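Below: my_file_14.cif (mmCIF, C-alpha atoms)
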data_my_file
loop_
_atom_site.label_atom_id
_atom_site.label_comp_id
_atom_site.auth_asym_id
_atom_site.auth_seq_id
_atom_site.Cartn_x
_atom_site.Cartn_y
_atom_site.Cartn_z
CA MET A 1018 14.99 0.17 -9.04
CA ASN A 1019 14.08 2.39 -11.98
CA ARG A 1020 11.04 4.59 -12.43
CA ALA A 1021 9.00 1.99 -14.35
CA GLU A 1022 9.67 -0.68 -11.70
CA ARG A 1023 8.69 1.73 -8.95
CA ASP A 1024 5.44 2.51 -10.77
CA ARG A 1025 4.76 -1.20 -11.23
CA LEU A 1026 5.32 -1.77 -7.52
CA ARG A 1027 3.02 1.12 -6.66
CA GLU A 1028 0.31 -0.19 -8.94
CA ALA A 1029 0.64 -3.67 -7.44
CA MET A 1030 0.47 -2.27 -3.90
CA VAL A 1031 -2.70 -0.35 -4.75
CA ARG A 1032 -4.23 -3.54 -6.15
CA LEU A 1033 -3.23 -5.53 -3.08
CA ALA A 1034 -4.62 -2.84 -0.76
CA ASP A 1035 -7.87 -3.09 -2.70
CA GLY A 1036 -8.00 -6.85 -2.12
CA ASP A 1037 -6.56 -8.12 -5.41
CA ARG A 1038 -4.60 -11.16 -4.17
CA SER A 1039 -3.02 -11.72 -7.58
CA ALA A 1040 -0.66 -8.81 -6.85
CA PHE A 1041 0.76 -10.57 -3.78
CA SER A 1042 3.35 -12.75 -5.55
CA LEU A 1043 4.73 -9.86 -7.56
CA ILE A 1044 5.20 -7.68 -4.49
CA PHE A 1045 6.75 -10.55 -2.54
CA ALA A 1046 9.17 -11.27 -5.37
CA VAL A 1047 10.23 -7.61 -5.62
CA LEU A 1048 10.48 -6.75 -1.94
CA ARG A 1049 11.94 -9.98 -0.53
CA PRO A 1050 15.47 -9.52 -1.97
CA LEU A 1051 15.27 -5.75 -1.58
CA PHE A 1052 14.60 -6.02 2.15
CA SER A 1053 17.39 -8.57 2.61
CA ARG A 1054 19.89 -6.33 0.83
CA PHE A 1055 18.76 -3.26 2.75
CA ALA A 1056 19.04 -4.98 6.12
CA ALA A 1057 22.38 -6.59 5.24
CA ARG A 1058 23.90 -3.16 4.63
CA SER A 1059 23.32 -2.13 8.22
CA LEU A 1060 23.35 -5.33 10.27
CA PRO A 1061 25.38 -8.52 10.63
CA ALA A 1062 24.13 -11.39 8.43
CA GLU A 1063 22.34 -13.36 11.17
CA ASP A 1064 20.40 -10.29 12.36
CA ALA A 1065 19.82 -8.93 8.85
CA GLU A 1066 17.83 -11.93 7.65
CA ASP A 1067 15.68 -11.93 10.75
CA VAL A 1068 14.98 -8.21 10.44
CA ALA A 1069 14.23 -8.47 6.70
CA GLN A 1070 11.69 -11.21 7.30
CA THR A 1071 10.06 -9.40 10.21
CA ALA A 1072 9.77 -6.23 8.13
CA LEU A 1073 8.26 -8.16 5.24
CA LEU A 1074 5.61 -9.67 7.50
CA LYS A 1075 4.82 -6.24 8.95
CA LEU A 1076 4.51 -4.76 5.48
CA PHE A 1077 2.02 -7.40 4.39
CA ALA A 1078 0.10 -7.09 7.66
CA GLY A 1079 -0.44 -3.41 6.90
CA ALA A 1080 -0.75 -3.73 3.12
CA SER A 1081 -4.51 -3.23 3.11
CA GLU A 1082 -3.99 0.24 4.61
CA PHE A 1083 -1.53 1.36 1.94
CA ASP A 1084 -2.67 4.64 0.43
CA ALA A 1085 -0.94 5.63 -2.78
CA ALA A 1086 -2.03 9.24 -2.28
CA ARG A 1087 0.19 9.50 0.78
CA GLY A 1088 3.41 8.47 -0.92
CA ASP A 1089 5.42 6.16 -3.07
CA ALA A 1090 5.13 2.40 -2.41
CA LEU A 1091 8.89 1.88 -2.42
CA SER A 1092 9.49 4.66 0.11
CA TRP A 1093 6.74 3.24 2.28
CA ALA A 1094 8.23 -0.26 2.11
CA LEU A 1095 11.77 0.96 2.80
CA GLY A 1096 10.45 3.01 5.70
CA ILE A 1097 9.19 -0.20 7.30
CA VAL A 1098 12.45 -2.10 6.90
CA ALA A 1099 14.49 0.96 7.99
CA TRP A 1100 12.43 1.17 11.16
CA GLU A 1101 13.01 -2.52 11.87
CA VAL A 1102 16.76 -2.10 11.31
CA ARG A 1103 16.82 0.86 13.65
CA THR A 1104 14.89 -1.04 16.31
CA LYS A 1105 17.26 -4.00 16.06
CA ARG A 1106 20.35 -1.79 16.24
CA THR A 1107 19.01 0.03 19.27
CA ARG A 1108 18.27 -3.28 20.96
CA VAL A 1109 21.74 -4.68 20.19
CA LEU A 1110 23.38 -1.45 21.32
CA ARG A 1111 21.50 -1.49 24.59
CA ARG A 1112 22.47 -5.11 25.23
CA ARG A 1113 26.12 -4.32 24.46
CA GLU A 1114 26.09 -1.34 26.81
CA VAL A 1115 24.82 -3.49 29.63
CA LEU A 1116 27.40 -6.19 28.93
CA ALA A 1117 30.20 -3.64 28.63
CA ARG A 1118 29.24 -2.08 31.91
CA THR A 1119 29.24 -5.52 33.52
CA ASP A 1120 32.68 -6.33 32.08
CA ASP A 1121 34.23 -3.03 33.00
CA ALA A 1122 33.19 -3.02 36.59
CA ASN A 1123 35.56 -5.10 38.66
CA ASP A 1124 33.45 -4.50 41.65
CA ASP A 1125 30.62 -6.98 41.28
CA ALA A 1126 28.30 -5.09 43.56
CA ASN A 1127 28.67 -1.88 41.57
CA ALA A 1128 28.25 -3.72 38.28
CA LEU A 1129 25.05 -5.25 39.50
CA THR A 1130 23.67 -1.90 40.54
CA MET A 1131 24.36 -0.56 37.07
CA LEU A 1132 22.79 -3.61 35.47
CA ALA A 1133 19.69 -3.07 37.52
CA ASP A 1134 19.56 0.55 36.35
CA GLY A 1135 19.79 -0.27 32.65
CA GLY A 1136 18.33 -3.78 32.53
CA ALA A 1137 17.34 -4.41 28.94
CA ASN A 1138 14.67 -6.96 29.63
CA PRO A 1139 12.64 -8.34 32.55
CA GLU A 1140 14.87 -11.45 32.83
CA GLU A 1141 18.03 -9.35 33.16
CA ALA A 1142 16.31 -7.01 35.59
CA LEU A 1143 15.24 -9.98 37.70
CA ILE A 1144 18.77 -11.43 37.77
CA ALA A 1145 20.20 -8.02 38.57
CA ALA A 1146 17.73 -7.49 41.41
CA ASP A 1147 18.57 -10.92 42.80
CA LEU A 1148 22.30 -10.28 42.69
CA GLU A 1149 21.88 -6.81 44.09
CA GLN A 1150 20.10 -8.32 47.06
CA LEU A 1151 23.05 -10.68 47.57
CA ALA A 1152 25.45 -7.75 47.40
CA ARG A 1153 23.41 -5.80 49.94
CA GLU A 1154 23.40 -8.76 52.34
CA LEU A 1155 27.13 -9.08 51.87
CA VAL A 1156 27.71 -5.40 52.57
CA GLU A 1157 25.66 -5.62 55.75
CA ASP A 1158 27.22 -8.90 57.00
CA ALA A 1159 30.84 -8.89 55.95
CA LEU A 1160 31.93 -5.29 56.16
CA ALA A 1161 32.71 -3.06 59.06
CA PRO A 1162 30.13 -0.35 59.83
CA GLY A 1163 32.53 2.33 58.59
CA ASP A 1164 32.86 0.60 55.17
CA VAL A 1165 29.10 0.16 54.95
CA ALA A 1166 28.56 3.88 55.64
CA THR A 1167 31.15 4.83 53.00
CA ILE A 1168 29.61 2.59 50.32
CA ARG A 1169 26.10 3.80 51.17
CA ALA A 1170 27.23 7.43 50.96
CA ALA A 1171 28.84 6.74 47.56
CA LEU A 1172 25.71 5.01 46.23
CA GLU A 1173 23.57 7.92 47.37
CA GLY A 1174 26.10 10.37 45.89
CA GLN A 1175 26.60 12.15 49.19
CA ARG A 1176 30.07 12.71 50.65
CA PRO A 1177 29.98 13.00 54.46
CA ALA A 1178 30.27 16.60 55.62
CA GLY A 1179 33.76 17.70 56.59
CA LEU A 1180 35.47 14.89 54.68
CA ARG A 1181 37.84 15.83 51.84
CA ALA A 1182 37.04 14.35 48.44
CA ALA A 1183 40.42 12.62 48.15
CA THR A 1184 40.04 11.04 51.59
CA PHE A 1185 36.53 9.89 50.79
CA ARG A 1186 37.72 8.38 47.50
CA LYS A 1187 40.48 6.47 49.28
CA ARG A 1188 38.09 5.18 51.94
CA LEU A 1189 35.68 4.11 49.23
CA GLU A 1190 38.44 2.28 47.33
CA ARG A 1191 39.44 0.42 50.46
CA ALA A 1192 35.82 -0.42 51.32
CA LEU A 1193 35.20 -1.68 47.79
CA SER A 1194 38.32 -3.83 47.75
CA ARG A 1195 37.22 -5.38 51.05
CA LEU A 1196 33.77 -5.92 49.56
CA ARG A 1197 35.35 -7.52 46.49
CA ALA A 1198 37.39 -9.84 48.67
CA ALA A 1199 34.35 -10.77 50.76
CA TRP A 1200 32.31 -11.42 47.60
CA LYS A 1201 35.06 -13.63 46.21
CA GLU A 1202 35.36 -15.53 49.46
CA ARG A 1203 31.64 -16.14 49.67
CA HIS A 1204 30.60 -16.70 46.05
CA ASP A 1205 33.77 -17.61 44.21
CA PRO A 1206 36.05 -19.39 46.68
CA GLY A 1207 37.89 -21.34 43.93
CA MET B 1060 12.84 -16.76 13.79
CA ILE B 1061 14.28 -17.19 10.32
CA ARG B 1062 12.03 -19.08 7.89
CA ASP B 1063 12.75 -20.74 4.56
CA GLU B 1064 11.28 -19.13 1.44
CA ARG B 1065 8.14 -21.21 1.28
CA ALA B 1066 7.36 -20.73 4.96
CA LEU B 1067 8.06 -17.01 4.68
CA TYR B 1068 5.70 -16.72 1.69
CA ALA B 1069 2.96 -18.53 3.63
CA ALA B 1070 3.57 -16.42 6.74
CA ALA B 1071 3.47 -13.21 4.69
CA ARG B 1072 0.23 -14.32 3.06
CA GLY B 1073 -1.23 -15.12 6.48
CA ALA B 1074 -0.11 -11.73 7.81
CA TYR B 1075 -1.79 -10.04 4.85
CA GLU B 1076 -5.09 -11.85 5.41
CA ARG B 1077 -5.00 -11.14 9.15
CA GLY B 1078 -4.26 -7.48 8.44
CA ARG B 1079 -7.24 -7.32 6.09
CA LEU B 1080 -9.47 -8.97 8.66
CA ARG B 1081 -8.33 -6.52 11.34
CA ALA B 1082 -9.05 -3.56 9.04
CA ALA B 1083 -12.43 -5.10 8.14
CA LEU B 1084 -13.36 -5.50 11.81
CA GLN B 1085 -12.39 -1.88 12.44
CA SER B 1086 -14.59 -0.73 9.57
CA ALA B 1087 -17.52 -2.59 11.16
CA ALA B 1088 -17.25 -0.48 14.34
CA PRO B 1089 -20.19 1.82 13.40
CA VAL B 1090 -22.48 -1.21 13.33
CA ALA B 1091 -22.51 -1.37 17.15
CA PRO B 1092 -24.02 2.11 17.76
CA MET B 1093 -26.36 1.62 14.81
CA THR B 1094 -27.66 -1.61 16.33
CA ALA B 1095 -27.92 0.04 19.74
CA LEU B 1096 -30.04 2.79 18.18
CA SER B 1097 -32.28 0.16 16.64
CA PHE B 1098 -32.58 -1.60 20.01
CA VAL B 1099 -33.65 1.60 21.71
CA GLY B 1100 -35.93 2.95 18.97
CA CYS B 1101 -37.60 -0.11 17.47
CA HIS B 1102 -38.54 -2.18 20.52
CA ALA B 1103 -37.89 -5.39 18.57
CA PRO B 1104 -34.66 -6.61 20.14
CA ALA B 1105 -34.50 -10.00 18.43
CA LEU B 1106 -35.00 -8.50 14.99
CA SER B 1107 -32.57 -5.64 15.70
CA ALA B 1108 -29.95 -8.13 16.87
CA ALA B 1109 -30.44 -10.37 13.84
CA VAL B 1110 -30.21 -7.47 11.36
CA GLY B 1111 -27.26 -5.96 13.25
CA LEU B 1112 -25.44 -9.27 13.12
CA ALA B 1113 -26.19 -9.66 9.43
CA LEU B 1114 -24.90 -6.12 8.81
CA ALA B 1115 -21.70 -6.77 10.78
CA VAL B 1116 -21.03 -10.03 8.98
CA THR B 1117 -21.70 -8.41 5.59
CA VAL B 1118 -19.45 -5.41 6.29
CA VAL B 1119 -16.60 -7.57 7.58
CA SER B 1120 -16.89 -10.09 4.74
CA LEU B 1121 -17.03 -7.48 1.99
CA ARG B 1122 -14.20 -5.40 3.43
CA TRP B 1123 -12.03 -8.45 4.04
CA ARG B 1124 -12.66 -9.80 0.54
CA GLY B 1125 -12.02 -6.36 -0.98
CA GLY B 1126 -12.37 -5.58 -4.67
CA PRO B 1127 -15.34 -3.72 -6.11
CA LEU B 1128 -17.81 -5.17 -3.59
CA GLY B 1129 -15.66 -4.07 -0.67
CA ARG B 1130 -15.16 -0.60 -2.13
CA GLY B 1131 -18.82 0.20 -1.71
CA VAL B 1132 -19.01 -0.62 2.00
CA ARG B 1133 -18.21 2.82 3.36
CA ALA B 1134 -20.69 4.52 1.03
CA GLY B 1135 -23.28 1.91 2.02
CA VAL B 1136 -22.81 2.49 5.76
CA VAL B 1137 -23.06 6.26 5.34
CA ALA B 1138 -26.08 6.07 3.03
CA GLY B 1139 -27.76 3.47 5.25
CA GLY B 1140 -27.73 5.96 8.10
CA ILE B 1141 -30.55 7.87 6.36
CA PRO B 1142 -33.21 5.09 6.43
CA LEU B 1143 -31.93 4.05 9.85
CA VAL B 1144 -32.59 7.39 11.51
CA THR B 1145 -35.56 8.78 9.53
CA PRO B 1146 -38.25 6.19 10.54
CA LEU B 1147 -37.11 6.41 14.16
CA ILE B 1148 -37.53 10.19 14.15
CA MET B 1149 -40.89 9.82 12.43
CA ARG B 1150 -42.00 7.24 14.98
CA SER B 1151 -41.02 9.52 17.86
CA ILE B 1152 -43.24 12.36 16.62
CA HIS B 1153 -46.10 10.28 15.20
CA VAL B 1154 -48.20 7.66 16.96
CA CYS B 1155 -49.31 4.80 14.73
CA VAL B 1156 -52.44 2.83 15.53
CA GLY B 1157 -53.22 -0.53 13.91
CA PRO B 1158 -51.14 -3.34 12.46
CA LEU B 1159 -49.71 -1.37 9.54
CA CYS B 1160 -48.43 2.17 9.71
CA TRP B 1161 -48.39 3.52 6.18
CA LEU B 1162 -46.60 6.66 7.22
CA SER B 1163 -43.68 4.62 8.53
CA VAL B 1164 -43.69 2.46 5.41
CA GLY B 1165 -43.71 5.57 3.22
CA THR B 1166 -40.93 7.08 5.29
CA CYS B 1167 -38.82 3.96 4.80
CA ALA B 1168 -39.45 4.03 1.03
CA VAL B 1169 -38.54 7.71 0.71
CA ALA B 1170 -35.51 7.33 2.97
CA GLY B 1171 -34.51 4.29 0.89
CA LEU B 1172 -34.83 6.37 -2.26
CA VAL B 1173 -32.55 9.07 -0.84
CA ALA B 1174 -30.10 6.42 0.43
CA GLY B 1175 -30.15 4.78 -3.01
CA ALA B 1176 -29.29 8.09 -4.64
CA ALA B 1177 -26.51 8.56 -2.08
CA VAL B 1178 -25.19 5.08 -2.88
CA GLY B 1179 -25.19 5.80 -6.62
CA PHE B 1180 -23.60 9.18 -6.05
CA GLY B 1181 -21.21 8.19 -3.28
CA THR B 1182 -19.76 4.91 -4.47
CA PRO B 1183 -17.49 6.39 -7.16
CA ILE B 1184 -16.08 8.80 -4.57
CA HIS B 1185 -14.83 5.82 -2.62
CA ASP B 1186 -13.46 4.09 -5.70
CA ARG B 1187 -9.84 3.85 -4.50
CA ARG B 1188 -8.54 2.72 -7.85
CA GLY B 1189 -9.75 5.92 -9.48
CA GLY B 1190 -11.76 3.89 -11.95
CA ASN B 1191 -14.21 5.17 -14.45
CA GLY B 1192 -17.13 5.66 -12.09
CA ALA B 1193 -18.83 3.11 -9.88
CA SER B 1194 -18.78 -0.45 -11.11
CA ALA B 1195 -21.98 -2.46 -10.83
CA SER B 1196 -20.36 -4.57 -8.11
CA SER B 1197 -19.43 -1.54 -6.00
CA VAL B 1198 -22.99 -0.23 -6.21
CA LEU B 1199 -24.33 -3.68 -5.37
CA GLY B 1200 -22.06 -3.94 -2.30
CA ALA B 1201 -22.96 -0.44 -1.17
CA ALA B 1202 -26.69 -1.05 -1.72
CA LEU B 1203 -26.60 -4.32 0.25
CA VAL B 1204 -24.89 -2.62 3.20
CA ALA B 1205 -27.22 0.39 2.97
CA PHE B 1206 -30.23 -1.93 2.94
CA LEU B 1207 -29.11 -3.77 6.08
CA ALA B 1208 -28.18 -0.51 7.85
CA GLY B 1209 -31.52 1.02 6.86
CA ALA B 1210 -33.33 -2.16 7.91
CA LEU B 1211 -32.13 -1.52 11.47
CA GLY B 1212 -34.43 1.53 11.48
CA CYS B 1213 -37.15 0.19 9.20
CA VAL B 1214 -37.86 -2.88 11.35
CA VAL B 1215 -40.09 -0.41 13.18
CA ALA B 1216 -42.42 -0.51 10.14
CA GLY B 1217 -42.39 -4.30 9.80
CA VAL B 1218 -41.98 -6.31 6.61
CA ALA B 1219 -43.79 -3.64 4.57
CA GLY B 1220 -41.23 -1.09 5.76
CA LEU B 1221 -38.34 -3.34 4.72
CA ALA B 1222 -39.96 -3.88 1.32
CA GLY B 1223 -40.44 -0.13 0.93
CA LEU B 1224 -36.80 0.41 1.85
CA GLY B 1225 -35.66 -2.17 -0.71
CA VAL B 1226 -37.74 -0.70 -3.52
CA GLY B 1227 -36.68 2.85 -2.66
CA LEU B 1228 -33.02 1.84 -2.62
CA CYS B 1229 -33.21 0.21 -6.05
CA VAL B 1230 -35.16 3.09 -7.58
CA GLY B 1231 -32.69 5.59 -6.14
CA ALA B 1232 -29.43 3.77 -6.74
CA ILE B 1233 -29.70 2.37 -10.24
CA PRO B 1234 -30.42 5.55 -12.23
CA THR B 1235 -28.01 7.63 -10.14
CA ALA B 1236 -25.18 5.13 -10.61
CA ILE B 1237 -25.83 4.98 -14.36
CA ALA B 1238 -25.90 8.78 -14.56
CA MET B 1239 -22.70 9.09 -12.53
CA ARG B 1240 -20.97 6.52 -14.67
CA ALA B 1241 -22.03 8.33 -17.84
CA ALA B 1242 -20.90 11.67 -16.40
CA ARG B 1243 -17.50 10.24 -15.46
CA SER B 1244 -16.88 8.72 -18.86
CA LEU B 1245 -17.54 12.00 -20.66
#
Is it possible to give me this structure as structure tokens?
Amino acid sequence: MNRAERDRLREAMVRLADGDRSAFSLIFAVLRPLFSRFAARSLPAEDAEDVAQTALLKLFAGASEFDAARGDALSWALGIVAWEVRTKRTRVLRRREVLARTDDANDDANALTMLADGGANPEEALIAADLEQLARELVEDALAPGDVATIRAALEGQRPAGLRAATFRKRLERALSRLRAAWKERHDPG
Amino acid sequence: MIRDERALYAAARGAYERGRLRAALQSAAPVAPMTALSFVGCHAPALSAAVGLALAVTVVSLRWRGGPLGRGVRAGVVAGGIPLVTPLIMRSIHVCVGPLCWLSVGTCAVAGLVAGAAVGFGTPIHDRRGGNGASASSVLGAALVAFLAGALGCVVAGVAGLAGLGVGLCVGAIPTAIAMRAARSL
């Protein structure tokens, strides 16, 4: 966008902020493709279009508060779409982290604990809490008291006094594999 | 949710109008304490409520619509504070006897005159487009808002007080606005 186009956009934004509805179409026509291109540079196509449209709606919702004295209209508009892109990327990243953690953890009980810690939304948190409860019940019912104590100590980050780290790690591995087997037997017998 | 072009255009237009309405409602916030002051000081709750409602509707409508009329709203609210407060102060230090209190009426007229001058002087300051002084529409919008805001205080002086306020506003605003416009165009 060259200088003259930027000035035209600024002038149209000032008019729209002042209540001149005739400037609306011009601004829509200029910013619609610009937002789509901007979002497409940073996001996959399906997310980019959604973000571009959301940003456009937010821009128009706040258009009456645009103040030319505080900055250029193009910078202001791009600031809005950049913020939306950033928000979307953060959200996607957070979701991926949770999924990755779930995939990586072979031990279902541990994976669920992690999911509960970083639950991205209330639904996920609810599912995680539910599954965590199942895991706790399983730990209490299916494991020997020694295994339960080892897993509890590991979850609380406290190694029992007088126990070597390597020994504790081995005990924990054995307790977790027994937990995994019990979980499989109870919830995934096939 | 991804929309097609026509739906997006309509949604964007709707978002713009809702944004304007929200900003207009925010700009009407001072009307509440002004009306409360009128309630407390004028002892005419029905009239205070009616004028307060009229002021709120006017402020919101003008600000939402925008343009020259909307540009004068802020100046009108500020200027209207003068005839709102002055008769109430006068009434608190002076006891009127009889159906018509000429001192209150005179106070409303003088306060209206000062508010009119403030409208004529202040409207170009709020001209966001940096135009060549206050347009007639901006002054009209500001004067209407100032009249309603001032009326919240001048209800204490009855119809004669409101008439005095109206005359004072016109006498104060018109020459000042013309002078300001001439000064700006020099």
**OP:** Mind giving me the straight-line distance from CA of Pro1177 (chain A) to CA of Ser1194 (chain A) in Å, one decimal?
**Re:**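 Separation between CA of Pro1177 (chain A) and CA of Ser1194 (chain A): 19.9 Å.
Distance criterion 8 Å to chain B, applied with only C-alpha atoms, yields Val1031, Arg1032, Asp1035, Gly1036, Asp1037, Phe1041, Phe1045, Glu1066, Asp1067, Gln1070, Leu1073, Leu1074, Lys1075, Phe1077, Ala1078, Gly1079, Ala1080, Ser1081 and Glu1082 of chain A on chain A.
In this structure, CA of Phe1180 (chain B) sits 16.3 Å away from CA of Pro1142 (chain B).
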Subject >> the PyMOL selection byres ((chain A and resi 1089-1103) around 7) applied to the shown file, residues as a PyMOL selection string >> reply: chain A and resi 1023+1026-1027+1030+1052+1056+1068-1069+1072+1076+1085+1088+1104-1107
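What the PyMOL selection byres ((chain A and resi 1167) around 9) picks from this file is Pro1162, Gly1163, Asp1164, Val1165, Ala1166, Ile1168, Arg1169, Ala1170, Ala1171, Leu1172, Arg1176, Pro1177, Phe1185, Arg1188, Leu1189 and Ala1192 of chain A.
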Original post:
Once the PyMOL selection byres ((chain B and resi 1167) around 8) has been applied to the shown file, what residues remain in the selection, as a list in words?
Top reply: Pro1142, Thr1145, Pro1146, Ser1163, Val1164, Gly1165, Thr1166, Ala1168, Val1169, Ala1170, Gly1171, Cys1213, Ala1216, Gly1220, Leu1221, Gly1223, Leu1224 and Gly1227 of chain B
**OP:** Mind checking which residues fall within 12 Å of Cys1229 (chain B), counting all atoms listed in the file, ignoring those fewer than 6 positions away in the same chain, and posting them as a ChimeraX atom specification?
**Re:** /B:1168-1179,1198-1199,1201-1203,1205-1206,1222-1223,1235-1236
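For the atom pair formed by CA of Pro1089 (chain B) and CA of Ala1115 (chain B), the distance is 9.1 Å, given to one decimal.
Among B:Ala1134, B:Ala1238, B:Leu1147, B:Val1215, the residue with the shortest atom-to-atom distance to Leu1106 (chain B), counting only C-alpha atoms, is B:Val1215.
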**OP:** Kindly indicate which residue among B:Ala1241, B:Ala1069, B:Leu1207, B:Val1218 lies nearest to Ile1141 (chain B), using all atoms listed in the file for the distances.
**Re:**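 Looking only at the distances to Ile1141 (chain B), the closest residue turns out to be B:Leu1207.
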Subject >> Counting all atoms listed in the file, the residue of B:Leu1143, B:Leu1128, B:Ala1210, B:Val1110 that sits nearest Ser1194 (chain B) >> reply: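 Between B:Leu1143, B:Leu1128, B:Ala1210, B:Val1110, the residue approaching Ser1194 (chain B) most closely is B:Leu1128.
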